[in-house]
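Dropping coords-v4.tsv in here (TSV, N, CA and C atoms):
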chain	number	residue	atom	x	y	z
A	1	GLY	N	153.81	111.67	95.52
A	1	GLY	CA	152.84	110.88	94.78
A	1	GLY	C	151.54	111.64	94.60
A	2	ALA	N	150.83	111.27	93.58
A	2	ALA	CA	149.52	111.89	93.30
A	2	ALA	C	148.47	111.33	94.24
A	3	SER	N	147.68	112.21	94.77
A	3	SER	CA	146.61	111.74	95.65
A	3	SER	C	145.33	111.56	94.84
A	4	ALA	N	144.60	110.54	95.14
A	4	ALA	CA	143.36	110.26	94.42
A	4	ALA	C	142.29	111.26	94.85
A	5	GLN	N	141.61	111.80	93.87
A	5	GLN	CA	140.52	112.72	94.17
A	5	GLN	C	139.25	111.92	94.44
A	6	VAL	N	138.49	112.35	95.42
A	6	VAL	CA	137.23	111.68	95.73
A	6	VAL	C	136.15	112.36	94.90
A	7	ALA	N	135.48	111.60	94.06
A	7	ALA	CA	134.42	112.16	93.23
A	7	ALA	C	133.21	112.48	94.09
A	8	SER	N	132.54	113.56	93.75
A	8	SER	CA	131.32	113.88	94.50
A	8	SER	C	130.24	112.87	94.14
A	9	ALA	N	129.35	112.65	95.06
A	9	ALA	CA	128.29	111.65	94.87
A	9	ALA	C	127.36	112.08	93.75
A	10	PRO	N	126.95	111.16	92.90
A	10	PRO	CA	125.99	111.52	91.85
A	10	PRO	C	124.65	111.91	92.47
A	11	PRO	N	123.87	112.75	91.78
A	11	PRO	CA	122.61	113.25	92.36
A	11	PRO	C	121.65	112.17	92.83
A	12	GLU	N	121.63	111.02	92.16
A	12	GLU	CA	120.67	110.00	92.56
A	12	GLU	C	120.88	109.50	93.98
A	13	THR	N	122.09	109.67	94.52
A	13	THR	CA	122.31	109.22	95.89
A	13	THR	C	121.59	110.13	96.88
A	14	LEU	N	121.21	111.32	96.45
A	14	LEU	CA	120.52	112.24	97.35
A	14	LEU	C	119.12	111.76	97.69
A	15	ILE	N	118.56	110.93	96.83
A	15	ILE	CA	117.17	110.53	97.05
A	15	ILE	C	117.02	109.04	97.30
A	16	ARG	N	118.10	108.41	97.71
A	16	ARG	CA	118.01	106.99	98.00
A	16	ARG	C	117.03	106.77	99.15
A	17	PRO	N	116.09	105.86	99.01
A	17	PRO	CA	115.13	105.63	100.09
A	17	PRO	C	115.82	105.18	101.38
A	18	ALA	N	115.27	105.58	102.48
A	18	ALA	CA	115.81	105.14	103.76
A	18	ALA	C	115.60	103.63	103.89
A	19	SER	N	116.64	102.92	104.23
A	19	SER	CA	116.50	101.46	104.26
A	19	SER	C	116.32	100.91	105.66
A	20	VAL	N	116.88	101.56	106.65
A	20	VAL	CA	116.81	100.99	108.00
A	20	VAL	C	116.09	101.88	109.00
A	21	ALA	N	115.68	103.06	108.58
A	21	ALA	CA	115.02	103.96	109.53
A	21	ALA	C	113.64	103.43	109.89
A	22	PRO	N	113.30	103.48	111.17
A	22	PRO	CA	111.95	103.06	111.58
A	22	PRO	C	110.91	103.95	110.90
A	23	THR	N	109.73	103.42	110.71
A	23	THR	CA	108.67	104.13	110.00
A	23	THR	C	108.41	105.52	110.59
A	24	GLY	N	108.48	105.65	111.90
A	24	GLY	CA	108.16	106.92	112.54
A	24	GLY	C	109.22	107.98	112.39
A	25	SER	N	110.40	107.66	111.85
A	25	SER	CA	111.46	108.66	111.79
A	25	SER	C	111.93	108.94	110.37
A	26	VAL	N	111.09	108.67	109.40
A	26	VAL	CA	111.48	108.95	108.02
A	26	VAL	C	110.87	110.26	107.55
A	27	TRP	N	111.55	110.90	106.64
A	27	TRP	CA	111.10	112.13	106.01
A	27	TRP	C	110.38	111.77	104.73
A	28	ARG	N	109.48	112.63	104.30
A	28	ARG	CA	108.75	112.44	103.06
A	28	ARG	C	108.64	113.78	102.35
A	29	VAL	N	108.23	113.72	101.10
A	29	VAL	CA	107.90	114.94	100.36
A	29	VAL	C	106.44	114.85	99.95
A	30	GLN	N	105.78	115.98	99.95
A	30	GLN	CA	104.37	116.03	99.55
A	30	GLN	C	104.28	116.85	98.28
A	31	ILE	N	103.62	116.27	97.26
A	31	ILE	CA	103.53	116.96	95.97
A	31	ILE	C	102.13	117.48	95.67
A	32	GLY	N	101.19	117.27	96.59
A	32	GLY	CA	99.85	117.78	96.39
A	32	GLY	C	98.85	117.12	97.32
A	33	ALA	N	97.59	117.50	97.17
A	33	ALA	CA	96.50	116.91	97.93
A	33	ALA	C	95.24	117.01	97.09
A	34	LEU	N	94.51	115.90	97.03
A	34	LEU	CA	93.29	115.87	96.24
A	34	LEU	C	92.14	115.31	97.07
A	35	ALA	N	90.91	115.62	96.65
A	35	ALA	CA	89.72	115.20	97.39
A	35	ALA	C	89.36	113.73	97.15
A	36	SER	N	89.98	113.10	96.17
A	36	SER	CA	89.67	111.72	95.85
A	36	SER	C	90.88	110.83	96.05
A	37	ARG	N	90.69	109.70	96.74
A	37	ARG	CA	91.79	108.75	96.95
A	37	ARG	C	92.32	108.26	95.60
A	38	GLN	N	91.41	107.90	94.69
A	38	GLN	CA	91.84	107.40	93.38
A	38	GLN	C	92.54	108.50	92.58
A	39	GLY	N	92.02	109.72	92.69
A	39	GLY	CA	92.66	110.86	92.00
A	39	GLY	C	94.07	111.09	92.51
A	40	ALA	N	94.25	110.94	93.82
A	40	ALA	CA	95.57	111.11	94.41
A	40	ALA	C	96.53	110.03	93.92
A	41	LYS	N	96.05	108.79	93.84
A	41	LYS	CA	96.88	107.70	93.34
A	41	LYS	C	97.28	107.95	91.88
A	42	THR	N	96.33	108.42	91.09
A	42	THR	CA	96.60	108.71	89.69
A	42	THR	C	97.61	109.84	89.55
A	43	ALA	N	97.45	110.89	90.36
A	43	ALA	CA	98.36	112.03	90.31
A	43	ALA	C	99.79	111.59	90.66
A	44	TRP	N	99.93	110.69	91.65
A	44	TRP	CA	101.24	110.17	92.03
A	44	TRP	C	101.85	109.40	90.86
A	45	ALA	N	101.05	108.54	90.25
A	45	ALA	CA	101.55	107.74	89.12
A	45	ALA	C	102.02	108.65	87.98
A	46	GLN	N	101.26	109.70	87.70
A	46	GLN	CA	101.64	110.63	86.64
A	46	GLN	C	102.93	111.38	87.00
A	47	ALA	N	103.04	111.81	88.26
A	47	ALA	CA	104.25	112.51	88.70
A	47	ALA	C	105.46	111.57	88.66
A	48	GLN	N	105.26	110.30	89.04
A	48	GLN	CA	106.35	109.34	88.98
A	48	GLN	C	106.80	109.13	87.54
A	49	ASP	N	105.86	109.06	86.61
A	49	ASP	CA	106.22	108.90	85.21
A	49	ASP	C	107.00	110.12	84.71
A	50	LEU	N	106.52	111.30	85.07
A	50	LEU	CA	107.13	112.54	84.60
A	50	LEU	C	108.51	112.77	85.23
A	51	HIS	N	108.66	112.40	86.48
A	51	HIS	CA	109.91	112.63	87.22
A	51	HIS	C	110.47	111.31	87.73
A	52	GLU	N	110.55	110.33	86.84
A	52	GLU	CA	110.95	108.99	87.25
A	52	GLU	C	112.32	108.98	87.93
A	53	ASP	N	113.24	109.82	87.45
A	53	ASP	CA	114.58	109.85	88.04
A	53	ASP	C	114.56	110.33	89.48
A	54	LEU	N	113.55	111.12	89.86
A	54	LEU	CA	113.47	111.65	91.22
A	54	LEU	C	112.50	110.88	92.11
A	55	LEU	N	111.33	110.55	91.57
A	55	LEU	CA	110.28	109.92	92.38
A	55	LEU	C	110.22	108.41	92.20
A	56	GLY	N	110.87	107.88	91.19
A	56	GLY	CA	110.80	106.46	90.88
A	56	GLY	C	111.08	105.53	92.05
A	57	PRO	N	112.14	105.81	92.84
A	57	PRO	CA	112.46	104.89	93.93
A	57	PRO	C	111.59	105.05	95.18
A	58	LEU	N	110.69	106.01	95.18
A	58	LEU	CA	109.91	106.30	96.39
A	58	LEU	C	108.56	105.58	96.38
A	59	ASP	N	108.04	105.36	97.57
A	59	ASP	CA	106.73	104.73	97.73
A	59	ASP	C	105.69	105.81	98.03
A	60	LEU	N	104.48	105.59	97.53
A	60	LEU	CA	103.37	106.50	97.80
A	60	LEU	C	102.80	106.25	99.19
A	61	ARG	N	102.51	107.36	99.87
A	61	ARG	CA	101.76	107.29	101.13
A	61	ARG	C	100.67	108.35	101.04
A	62	LEU	N	99.43	107.91	101.14
A	62	LEU	CA	98.32	108.85	101.16
A	62	LEU	C	97.97	109.13	102.61
A	63	GLN	N	97.97	110.40	102.97
A	63	GLN	CA	97.60	110.79	104.33
A	63	GLN	C	96.26	111.50	104.25
A	64	GLN	N	95.25	110.88	104.85
A	64	GLN	CA	93.90	111.46	104.82
A	64	GLN	C	93.81	112.57	105.86
A	65	THR	N	93.23	113.67	105.46
A	65	THR	CA	93.03	114.78	106.37
A	65	THR	C	91.67	115.41	106.10
A	66	THR	N	91.01	115.87	107.14
A	66	THR	CA	89.71	116.50	106.99
A	66	THR	C	89.82	117.96	107.42
A	67	VAL	N	89.40	118.84	106.54
A	67	VAL	CA	89.40	120.28	106.81
A	67	VAL	C	87.99	120.80	106.54
A	68	GLU	N	87.79	122.10	106.71
A	68	GLU	CA	86.45	122.69	106.51
A	68	GLU	C	85.86	122.33	105.17
A	69	ARG	N	86.69	122.30	104.13
A	69	ARG	CA	86.20	122.05	102.78
A	69	ARG	C	85.96	120.57	102.49
A	70	GLY	N	86.31	119.69	103.43
A	70	GLY	CA	86.09	118.26	103.21
A	70	GLY	C	87.33	117.42	103.47
A	71	THR	N	87.28	116.21	102.96
A	71	THR	CA	88.38	115.27	103.16
A	71	THR	C	89.32	115.33	101.96
A	72	PHE	N	90.61	115.36	102.26
A	72	PHE	CA	91.63	115.39	101.22
A	72	PHE	C	92.66	114.30	101.50
A	73	TYR	N	93.32	113.89	100.44
A	73	TYR	CA	94.37	112.88	100.51
A	73	TYR	C	95.68	113.53	100.10
A	74	ARG	N	96.58	113.66	101.08
A	74	ARG	CA	97.89	114.26	100.81
A	74	ARG	C	98.75	113.23	100.09
A	75	ILE	N	99.34	113.65	98.99
A	75	ILE	CA	100.14	112.76	98.15
A	75	ILE	C	101.60	112.90	98.57
A	76	GLN	N	102.10	111.88	99.27
A	76	GLN	CA	103.44	111.93	99.83
A	76	GLN	C	104.29	110.78	99.31
A	77	GLY	N	105.56	111.06	99.09
A	77	GLY	CA	106.51	110.05	98.66
A	77	GLY	C	107.63	109.92	99.66
A	78	GLY	N	108.12	108.72	99.81
A	78	GLY	CA	109.22	108.48	100.74
A	78	GLY	C	109.53	107.00	100.74
A	79	PRO	N	110.26	106.50	101.66
A	79	PRO	CA	110.86	107.25	102.77
A	79	PRO	C	112.20	107.85	102.37
A	80	LEU	N	112.54	108.96	103.01
A	80	LEU	CA	113.86	109.59	102.87
A	80	LEU	C	114.47	109.61	104.27
A	81	SER	N	115.78	109.49	104.34
A	81	SER	CA	116.39	109.30	105.65
A	81	SER	C	116.83	110.59	106.34
A	82	SER	N	116.73	111.74	105.65
A	82	SER	CA	117.17	112.98	106.30
A	82	SER	C	116.44	114.19	105.75
A	83	LEU	N	116.47	115.25	106.50
A	83	LEU	CA	115.91	116.53	106.07
A	83	LEU	C	116.62	116.99	104.80
A	84	GLU	N	117.93	116.81	104.75
A	84	GLU	CA	118.71	117.26	103.60
A	84	GLU	C	118.26	116.54	102.32
A	85	GLN	N	118.01	115.24	102.41
A	85	GLN	CA	117.54	114.50	101.24
A	85	GLN	C	116.18	115.03	100.78
A	86	ALA	N	115.28	115.25	101.72
A	86	ALA	CA	113.95	115.74	101.39
A	86	ALA	C	114.03	117.13	100.77
A	87	GLN	N	114.86	118.01	101.33
A	87	GLN	CA	115.01	119.37	100.80
A	87	GLN	C	115.61	119.34	99.39
A	88	SER	N	116.60	118.50	99.17
A	88	SER	CA	117.23	118.38	97.85
A	88	SER	C	116.23	117.89	96.82
A	89	LEU	N	115.43	116.91	97.21
A	89	LEU	CA	114.42	116.36	96.31
A	89	LEU	C	113.39	117.44	95.96
A	90	CYS	N	112.90	118.16	96.97
A	90	CYS	CA	111.92	119.22	96.71
A	90	CYS	C	112.51	120.30	95.80
A	91	ALA	N	113.75	120.67	96.03
A	91	ALA	CA	114.39	121.70	95.19
A	91	ALA	C	114.45	121.23	93.74
A	92	ALA	N	114.79	119.96	93.54
A	92	ALA	CA	114.87	119.42	92.18
A	92	ALA	C	113.49	119.39	91.53
A	93	LEU	N	112.47	118.99	92.29
A	93	LEU	CA	111.11	118.95	91.75
A	93	LEU	C	110.60	120.36	91.43
A	94	GLU	N	110.86	121.30	92.34
A	94	GLU	CA	110.39	122.67	92.13
A	94	GLU	C	111.07	123.30	90.92
A	95	SER	N	112.31	122.90	90.63
A	95	SER	CA	113.00	123.43	89.45
A	95	SER	C	112.33	122.94	88.16
A	96	ARG	N	111.49	121.91	88.29
A	96	ARG	CA	110.73	121.37	87.15
A	96	ARG	C	109.26	121.76	87.22
A	97	ASP	N	108.96	122.79	88.01
A	97	ASP	CA	107.60	123.29	88.18
A	97	ASP	C	106.65	122.27	88.82
A	98	GLN	N	107.19	121.42	89.67
A	98	GLN	CA	106.36	120.48	90.45
A	98	GLN	C	106.33	120.99	91.88
A	99	SER	N	105.14	121.29	92.40
A	99	SER	CA	105.08	121.77	93.78
A	99	SER	C	105.55	120.66	94.71
A	100	CYS	N	106.13	121.05	95.82
A	100	CYS	CA	106.71	120.08	96.74
A	100	CYS	C	106.90	120.73	98.09
A	101	LEU	N	106.64	119.97	99.15
A	101	LEU	CA	106.98	120.43	100.49
A	101	LEU	C	107.50	119.25	101.30
A	102	VAL	N	108.36	119.57	102.24
A	102	VAL	CA	108.99	118.56	103.09
A	102	VAL	C	108.02	118.18	104.21
A	103	VAL	N	107.87	116.88	104.45
A	103	VAL	CA	107.03	116.38	105.52
A	103	VAL	C	107.93	115.78	106.59
A	104	ARG	N	107.85	116.34	107.78
A	104	ARG	CA	108.69	115.87	108.90
A	104	ARG	C	108.19	114.54	109.44
A	105	PRO	N	109.11	113.79	110.06
A	105	PRO	CA	108.70	112.48	110.64
A	105	PRO	C	107.63	112.65	111.71
Show me this structure written as structure tokens.
Amino acid sequence: GASAQVASAPPETLIRPASVAPTGSVWRVQIGALASRQGAKTAWAQAQDLHEDLLGPLDLRLQQTTVERGTFYRIQGGPLSSLEQAQSLCAALESRDQSCLVVRP
């Protein structure tokens, strides 16, 4: 008899938000950092519009950080449930000339 072939998962499953992971154990991706909270929110909205298929299902998290040059707001999207999901998402974004880095839990 013929055996059924298992289809590979479509790309969108790679970026499914983590549904049950506790807040402290989720992965995120960071697409930039700006000196203004409102500017960071605007940049996220623009990136979501431009890359809706990749960033659409993710939530924005602004992480405030202070360095020598002042206060910045890191623009992070998530939650993602694994390192592999975060790396796949960053690779897809970088292929579209969007900077991206993986943020560990």
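Compared by their closest atoms to A:Ala40, and using only N, CA and C atoms, the residues A:Ser95, A:Ser81, A:Gln87, A:Gln76 rank with A:Gln76 nearest.
Shell of A:Glu94 at 12 Å, with only C-alpha atoms counted and residues fewer than 6 places along the chain excluded, is Val29, Gln30, Ile31, His51, Leu54, Gln87, Ser88, Cys100, Leu101 and Val102 of chain A.
Take the candidates A:Gly56, A:Gly77, A:Gly39, A:Gly32 and check each one against A:Arg104 using only C-alpha atoms; the shortest distance goes to A:Gly77.
Nearest to A:Val26 of all the residues A:Ala86, A:Leu62, A:Ala47, A:Ile75 is A:Ala86, counting only C-alpha atoms.
Of the listed residues A:Thr71, A:Leu80, A:Ser25, A:Leu60, the one whose atoms come nearest to A:Lys41 is A:Leu60, with distances taken using all atoms listed in the file.
From atom CA of A:Ala91 back to atom C of A:Ala45, the distance works out to 19.4 Å.
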Tell me, which residues of stretch 14-78 of chain A carry DSSP alpha helix (DSSP H), written as a PDB file with N, CA and C atoms, in the frame of the given file?
ATOM      1  N   ARG A  37      90.690 109.700  96.740  1.00  0.00           N
ATOM      2  CA  ARG A  37      91.790 108.750  96.950  1.00  0.00           C
ATOM      3  C   ARG A  37      92.320 108.260  95.600  1.00  0.00           C
ATOM      4  N   GLN A  38      91.410 107.900  94.690  1.00  0.00           N
ATOM      5  CA  GLN A  38      91.840 107.400  93.380  1.00  0.00           C
ATOM      6  C   GLN A  38      92.540 108.500  92.580  1.00  0.00           C
ATOM      7  N   GLY A  39      92.020 109.720  92.690  1.00  0.00           N
ATOM      8  CA  GLY A  39      92.660 110.860  92.000  1.00  0.00           C
ATOM      9  C   GLY A  39      94.070 111.090  92.510  1.00  0.00           C
ATOM     10  N   ALA A  40      94.250 110.940  93.820  1.00  0.00           N
ATOM     11  CA  ALA A  40      95.570 111.110  94.410  1.00  0.00           C
ATOM     12  C   ALA A  40      96.530 110.030  93.920  1.00  0.00           C
ATOM     13  N   LYS A  41      96.050 108.790  93.840  1.00  0.00           N
ATOM     14  CA  LYS A  41      96.880 107.700  93.340  1.00  0.00           C
ATOM     15  C   LYS A  41      97.280 107.950  91.880  1.00  0.00           C
ATOM     16  N   THR A  42      96.330 108.420  91.090  1.00  0.00           N
ATOM     17  CA  THR A  42      96.600 108.710  89.690  1.00  0.00           C
ATOM     18  C   THR A  42      97.610 109.840  89.550  1.00  0.00           C
ATOM     19  N   ALA A  43      97.450 110.890  90.360  1.00  0.00           N
ATOM     20  CA  ALA A  43      98.360 112.030  90.310  1.00  0.00           C
ATOM     21  C   ALA A  43      99.790 111.590  90.660  1.00  0.00           C
ATOM     22  N   TRP A  44      99.930 110.690  91.650  1.00  0.00           N
ATOM     23  CA  TRP A  44     101.240 110.170  92.030  1.00  0.00           C
ATOM     24  C   TRP A  44     101.850 109.400  90.860  1.00  0.00           C
ATOM     25  N   ALA A  45     101.050 108.540  90.250  1.00  0.00           N
ATOM     26  CA  ALA A  45     101.550 107.740  89.120  1.00  0.00           C
ATOM     27  C   ALA A  45     102.020 108.650  87.980  1.00  0.00           C
ATOM     28  N   GLN A  46     101.260 109.700  87.700  1.00  0.00           N
ATOM     29  CA  GLN A  46     101.640 110.630  86.640  1.00  0.00           C
ATOM     30  C   GLN A  46     102.930 111.380  87.000  1.00  0.00           C
ATOM     31  N   ALA A  47     103.040 111.810  88.260  1.00  0.00           N
ATOM     32  CA  ALA A  47     104.250 112.510  88.700  1.00  0.00           C
ATOM     33  C   ALA A  47     105.460 111.570  88.660  1.00  0.00           C
ATOM     34  N   GLN A  48     105.260 110.300  89.040  1.00  0.00           N
ATOM     35  CA  GLN A  48     106.350 109.340  88.980  1.00  0.00           C
ATOM     36  C   GLN A  48     106.800 109.130  87.540  1.00  0.00           C
ATOM     37  N   ASP A  49     105.860 109.060  86.610  1.00  0.00           N
ATOM     38  CA  ASP A  49     106.220 108.900  85.210  1.00  0.00           C
ATOM     39  C   ASP A  49     107.000 110.120  84.710  1.00  0.00           C
ATOM     40  N   LEU A  50     106.520 111.300  85.070  1.00  0.00           N
ATOM     41  CA  LEU A  50     107.130 112.540  84.600  1.00  0.00           C
ATOM     42  C   LEU A  50     108.510 112.770  85.230  1.00  0.00           C
ATOM     43  N   GLU A  52     110.550 110.330  86.840  1.00  0.00           N
ATOM     44  CA  GLU A  52     110.950 108.990  87.250  1.00  0.00           C
ATOM     45  C   GLU A  52     112.320 108.980  87.930  1.00  0.00           C
ATOM     46  N   ASP A  53     113.240 109.820  87.450  1.00  0.00           N
ATOM     47  CA  ASP A  53     114.580 109.850  88.040  1.00  0.00           C
ATOM     48  C   ASP A  53     114.560 110.330  89.480  1.00  0.00           C
ATOM     49  N   LEU A  54     113.550 111.120  89.860  1.00  0.00           N
ATOM     50  CA  LEU A  54     113.470 111.650  91.220  1.00  0.00           C
ATOM     51  C   LEU A  54     112.500 110.880  92.110  1.00  0.00           C
ATOM     52  N   LEU A  55     111.330 110.550  91.570  1.00  0.00           N
ATOM     53  CA  LEU A  55     110.280 109.920  92.380  1.00  0.00           C
ATOM     54  C   LEU A  55     110.220 108.410  92.200  1.00  0.00           C
TER      55      LEU A  55
END
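The closest residue to A:Arg61, picked from A:Glu84, A:Arg96, A:Ser36, A:Arg74 and counting all atoms listed in the file, is A:Arg74.
Atom CA of A:Arg37 is positioned 12.5 Å from atom N of A:Thr66.
Take the candidates A:Ser99, A:Leu83, A:Leu93, A:Tyr73 and check each one against A:Thr42 using only C-alpha atoms; the shortest distance goes to A:Tyr73.
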re atom CA of A:Phe72 and atom N of A:Ala33: distance 7.5 Å
